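Chemist: First, the structure itself, so that you have it in front of you.
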Amino acid sequence: SFAYFTIKDRLPQILTRVIDTLHRHKNEFFEEHGEKGVEAEKRAISFLSKLRNELQTDKPVTPLEDELPDAALWNQYLDYQRNLPNGSGEPSWFQSPWLYVECYMYRRIHAALAQNPPIDNFDVFKEGKAQNFFESQEAVIALCTYFQELLKNIKDLDEKQLQEELFKLLQVSLWGNKCDLSFSAGQDSSQKSSPLQSLDNMVPYILVNDMEKVWSLLVNAKKNRTERSNVRVDIILDNAGFELVSDLVLADFLLSSKLADEVYFHGKSIPWYVSDTTKRDFNWTIKQLGSANHMWMSRCGINWEGNLKKGVWCFCDHMFWTLPHDFSSMSEVAPDLYAELQKSNLLLFKGDLNYRKLTGDRKWEYSVPFHQALNKFHPAPLCSLRTLKSDTQVGLKPGQGEQVQASEPEWMINGKYGVVQFDAGL
């Protein structure tokens with residue numbers, strides 16, 4: 001299965017790159033922190049080399065030994081895995097659910113640094129994320145230019161035209177999800193060309209297209225809103241780099257078109273899955289745009305800085321997003337986050353990992369309804385914007401999955417297909 005290939009080949013590659021990154025920064029750690037920095041780097045590398053060896057030799061998964069606030073939850077989850085009725089007792093790297101051990105690896109990478117001050121705040125994936133952003137420069141310029149031109153006459157657009165623009169930007173945000181560094185084990189995955197030119201050619205690759213439902217939800221929310229109730233959209237982010245820019249443009253469009261009054265962005269509280277967005281990435285990206293020497297890029301960055309200052313945009317991170325649990329257990333494990341999401345009119349979940357966590361990462365029949373796979377996770381109406389990079393997919397028409405499979409055996413993992421999949425909730 002793709003899970004086997006991931007654990008056997010991709011994850012050791014990612015660990016090797018992390019170790020290499022720390023090696024390369026040795027002098028920097030010395031300049032900043034003296035001998036203490038070098039000692040910390042050595043300890044972190046030895047911790048990570050041990051982790052790589054445990055993974056490659058299928059050792060049992062061990063409890064976390066750090067004092068970080070989520071350690072107890074992780075260790076409880078390990079006990080839960082140990083006591084599964086059909087489990088083998090002692091979870092190991094190759095004898096456990098893929099979602100669990102993959103998340104566990106990223107949490108252990110975090111521990112390797114967090115336990116070794118003074119380099120405990122070093123993000124081992126930061127360079128790759130920055131590189132992805134700079135290599136996607138042309139696409140970013142094209143998107144910012146398109147959007148700033150659109151803003152000039154957004155007030156004159158009728159409902160049909162607004163809908164067309166929303167669909168365009170939803171698709172840019174959907175295909176922006178191709179730029180995923182954990183998927184390419186950290187190899188280049190930047191967006192080179194303008195994403196807007198190829199949208200029409202991509203439509204046949206959207207296997208479930210619920211954009212109409214998203215539109216009607218937003219239009220109705222706008223019509224029914226009162227003085228006291230704002231229309232709120234939450235975007236559960238995936239990758240930094242070009243994908244994040246496409247999400248920010250979508251969010252700005254929702255505000256500028258008055259389809260939403262406020263947008264909440266949810267990112268990761270620790271470096272995660274190589275290219276996932278942390279608060280530092282979020283702020284860095286907006287600063288990069290604001291100080292760019294391209295008129296429309298900097299206009300976007302400055303406006304977005306303004307949205308954050310005015311409070312119509314808000315970035316939040318919660319440790320639940322970097323736990324191994326799927327979302328059906330959020331109300332139990334993180335009731336505060338669940339209650340926060342219940343305030344939203346629409347939740348947009350970006351990317352493959354969020355999709356796996358929405359559907360419990362199971363080997364579903366393709367035609368199982370999305371609503372059923374969500375397993376009672378319904379804080380608010382939600383929509384998944386995801387390009388397929390793992391072998392879990394639900395909500396297809398009978399025979400649709402088999403048909404695609406016949407012509408393209410790799411369809412679930414090659415990032416060529418996508419879904420805009422909506423669930424109205426209860």
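Ligands are numbered from 1 in the order shown, residues from 1 within each chain, and chains are lettered A, B, ... in the order they appear in the structure tokens.
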Near stretch 17-24 of chain A, counting only C-alpha atoms, which residues have an atom at most 8 Å away, once you skip same-chain residues fewer than 4 positions from it, shown as a PDB file with C-alpha atoms, in the first residue's frame?
Modeler:
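Generated file (around.pdb):
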```
ATOM      1  CA  GLN A  13      14.287  10.344   3.652  1.00  0.00           C
ATOM      2  CA  GLU A  41      22.919  20.145  17.875  1.00  0.00           C
ATOM      3  CA  ILE A  45      21.149  14.633  15.820  1.00  0.00           C
ATOM      4  CA  LEU A  48      17.027  11.752  15.409  1.00  0.00           C
ATOM      5  CA  SER A  49      19.479   9.065  14.226  1.00  0.00           C
ATOM      6  CA  VAL A 124      14.129  22.318  10.772  1.00  0.00           C
ATOM      7  CA  PHE A 125      11.685  22.797   7.879  1.00  0.00           C
ATOM      8  CA  GLY A 186      11.111  17.765   0.705  1.00  0.00           C
TER       9      GLY A 186
END
```
Chemist: Identify, with DSSP run on backbone atoms, the residues in stretch 190-397 of chain A assigned to strand (DSSP E), and express the list as an MDAnalysis selection string.
Modeler: chainID A and resid 206:209 232:236 262:267 313:317 346:350 382:387
Chemist: Which polymer residues have any atom within 6 Å of an atom of stretch 377-384 of chain A, counting only C-alpha atoms, with same-chain residues fewer than 6 positions away left out, as a list of chain:residue names?
Modeler: A:Ser328, A:Leu341, A:Gln342, A:Leu346, A:Leu347, A:Leu348, A:Phe349, A:Val420, A:Gln421, A:Phe422, A:Asp423, A:Ala424, A:Gly425
Chemist: Go ahead and write the selection's residues with all heavy atoms as a CSV table (one decimal), in the first residue's frame.
Modeler:
```csv
chain,number,residue,atom,x,y,z
A,328,SER,N,-13.0,13.1,14.6
A,328,SER,CA,-14.3,12.7,15.3
A,328,SER,C,-14.1,12.7,16.8
A,328,SER,O,-15.1,12.7,17.5
A,328,SER,CB,-14.7,11.3,14.8
A,328,SER,OG,-13.7,10.4,15.2
A,341,LEU,N,-15.0,26.3,16.8
A,341,LEU,CA,-15.4,26.0,15.4
A,341,LEU,C,-16.9,26.1,15.2
A,341,LEU,O,-17.4,26.4,14.1
A,341,LEU,CB,-14.9,24.6,14.9
A,341,LEU,CG,-13.3,24.4,14.9
A,341,LEU,CD1,-13.0,23.0,14.4
A,341,LEU,CD2,-12.7,25.5,14.0
A,342,GLN,N,-17.6,25.8,16.3
A,342,GLN,CA,-19.1,25.9,16.2
A,342,GLN,C,-19.6,27.3,16.0
A,342,GLN,O,-20.7,27.5,15.6
A,342,GLN,CB,-19.7,25.3,17.5
A,342,GLN,CG,-19.7,23.8,17.6
A,342,GLN,CD,-20.2,23.3,18.9
A,342,GLN,OE1,-19.9,23.7,20.0
A,342,GLN,NE2,-21.1,22.3,18.8
A,346,LEU,N,-18.9,28.6,8.1
A,346,LEU,CA,-18.3,27.6,7.1
A,346,LEU,C,-16.8,27.3,7.5
A,346,LEU,O,-16.0,28.2,7.8
A,346,LEU,CB,-18.3,28.2,5.7
A,346,LEU,CG,-17.6,27.4,4.6
A,346,LEU,CD1,-18.3,26.1,4.3
A,346,LEU,CD2,-17.5,28.3,3.3
A,347,LEU,N,-16.5,26.0,7.6
A,347,LEU,CA,-15.1,25.6,7.8
A,347,LEU,C,-14.5,25.1,6.5
A,347,LEU,O,-15.1,24.2,5.9
A,347,LEU,CB,-15.1,24.4,8.8
A,347,LEU,CG,-15.8,24.6,10.2
A,347,LEU,CD1,-15.9,23.3,11.0
A,347,LEU,CD2,-15.2,25.7,11.0
A,348,LEU,N,-13.4,25.6,6.1
A,348,LEU,CA,-12.7,25.1,4.9
A,348,LEU,C,-11.5,24.4,5.4
A,348,LEU,O,-10.6,24.9,6.0
A,348,LEU,CB,-12.3,26.3,4.0
A,348,LEU,CG,-13.4,27.1,3.3
A,348,LEU,CD1,-12.9,28.3,2.6
A,348,LEU,CD2,-14.2,26.2,2.3
A,349,PHE,N,-11.5,23.1,5.1
A,349,PHE,CA,-10.3,22.2,5.5
A,349,PHE,C,-9.5,22.0,4.3
A,349,PHE,O,-9.9,21.5,3.3
A,349,PHE,CB,-10.8,20.9,6.0
A,349,PHE,CG,-11.4,20.9,7.4
A,349,PHE,CD1,-12.7,21.1,7.6
A,349,PHE,CD2,-10.6,20.7,8.5
A,349,PHE,CE1,-13.3,21.2,8.9
A,349,PHE,CE2,-11.1,20.7,9.8
A,349,PHE,CZ,-12.4,21.0,10.0
A,420,VAL,N,-13.7,19.1,-4.0
A,420,VAL,CA,-14.3,20.2,-3.2
A,420,VAL,C,-15.5,19.6,-2.6
A,420,VAL,O,-16.6,19.6,-3.2
A,420,VAL,CB,-14.6,21.4,-4.1
A,420,VAL,CG1,-15.2,22.6,-3.3
A,420,VAL,CG2,-13.4,21.9,-4.9
A,421,GLN,N,-15.4,19.1,-1.4
A,421,GLN,CA,-16.4,18.2,-0.9
A,421,GLN,C,-17.1,18.8,0.3
A,421,GLN,O,-16.4,19.2,1.3
A,421,GLN,CB,-15.7,16.9,-0.5
A,421,GLN,CG,-16.7,15.7,-0.5
A,421,GLN,CD,-15.9,14.4,-0.6
A,421,GLN,OE1,-14.7,14.3,-0.4
A,421,GLN,NE2,-16.6,13.3,-0.9
A,422,PHE,N,-18.4,19.0,0.3
A,422,PHE,CA,-19.1,19.8,1.3
A,422,PHE,C,-20.0,18.9,2.1
A,422,PHE,O,-20.6,17.9,1.6
A,422,PHE,CB,-20.0,20.8,0.5
A,422,PHE,CG,-20.8,21.7,1.4
A,422,PHE,CD1,-20.3,22.8,2.1
A,422,PHE,CD2,-22.2,21.4,1.6
A,422,PHE,CE1,-21.1,23.6,2.9
A,422,PHE,CE2,-23.0,22.2,2.4
A,422,PHE,CZ,-22.4,23.3,3.1
A,423,ASP,N,-20.1,19.3,3.4
A,423,ASP,CA,-21.1,18.6,4.2
A,423,ASP,C,-21.8,19.7,5.1
A,423,ASP,O,-21.2,20.4,5.8
A,423,ASP,CB,-20.4,17.6,5.2
A,423,ASP,CG,-21.4,16.9,6.1
A,423,ASP,OD1,-22.2,16.0,5.6
A,423,ASP,OD2,-21.5,17.2,7.3
A,424,ALA,N,-23.1,19.6,5.0
A,424,ALA,CA,-23.9,20.7,5.6
A,424,ALA,C,-24.0,20.5,7.1
A,424,ALA,O,-24.5,21.4,7.9
A,424,ALA,CB,-25.3,20.7,5.0
A,425,GLY,N,-23.5,19.4,7.7
A,425,GLY,CA,-23.6,19.2,9.1
A,425,GLY,C,-24.9,18.5,9.4
A,425,GLY,O,-25.5,17.8,8.6
```
Chemist: Env of A:Leu289: 10 Å cut, atoms = only C-alpha atoms, seq-sep filter 5 positions within chain, self excluded. Answer as a PDB file with C-alpha atoms, in the first residue's frame.
Modeler:
```pdb
ATOM      1  CA  VAL A 140       2.400  34.532  -6.545  1.00  0.00           C
ATOM      2  CA  ILE A 141       2.829  37.659  -8.697  1.00  0.00           C
ATOM      3  CA  CYS A 144      -1.736  38.981  -6.573  1.00  0.00           C
ATOM      4  CA  VAL A 245      -0.885  32.735  -0.531  1.00  0.00           C
ATOM      5  CA  TRP A 284       6.667  35.769   7.575  1.00  0.00           C
ATOM      6  CA  HIS A 294       6.249  44.321  -6.888  1.00  0.00           C
ATOM      7  CA  MET A 295       3.347  46.743  -6.594  1.00  0.00           C
ATOM      8  CA  TRP A 296       0.493  44.247  -6.385  1.00  0.00           C
ATOM      9  CA  MET A 297       2.344  41.797  -4.164  1.00  0.00           C
ATOM     10  CA  SER A 298       3.152  44.507  -1.656  1.00  0.00           C
ATOM     11  CA  ARG A 299      -0.392  45.867  -1.857  1.00  0.00           C
ATOM     12  CA  CYS A 300      -1.684  42.412  -0.859  1.00  0.00           C
ATOM     13  CA  GLY A 301       0.797  42.103   2.005  1.00  0.00           C
ATOM     14  CA  ILE A 302       0.026  45.577   3.383  1.00  0.00           C
ATOM     15  CA  TRP A 304      -3.432  41.664   4.917  1.00  0.00           C
ATOM     16  CA  GLU A 305      -1.333  43.169   7.682  1.00  0.00           C
TER      17      GLU A 305
END
```
Chemist: Find, counting only C-alpha atoms, the residue in A:Glu138, A:Glu212, A:Asp261, A:Asp247 that gets nearest to A:Arg225.
Modeler: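 So, comparing all the options, the nearest one is A:Asp261.
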Chemist: Between A:Ala334, A:Ile270, A:Val208, A:Leu217, which is the closest to A:Gln393 once you count only C-alpha atoms?
Modeler: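 Using only C-alpha atoms, the shortest distance to A:Gln393 belongs to A:Val208.
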Chemist: If I take atom CA of A:Pro369 and atom CA of A:Val394, how far is one from the other in Å, to one decimal?
Modeler: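 Atom-to-atom, atom CA of A:Pro369 to atom CA of A:Val394, that is 6.2 Å.
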Chemist: Considering only C-alpha atoms, state which residue in the set A:Ser329, A:Ser216, A:Ser88, A:Ser229 is at the smallest distance from A:Glu159.
Modeler: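 Closest candidate: A:Ser216.
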Chemist: If I take atom CA of A:Glu243 and atom CA of A:Arg108, how far is one from the other in Å, to one decimal?
Modeler: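 Spanning atom CA of A:Glu243 to atom CA of A:Arg108 is a straight-line distance of 25.8 Å.
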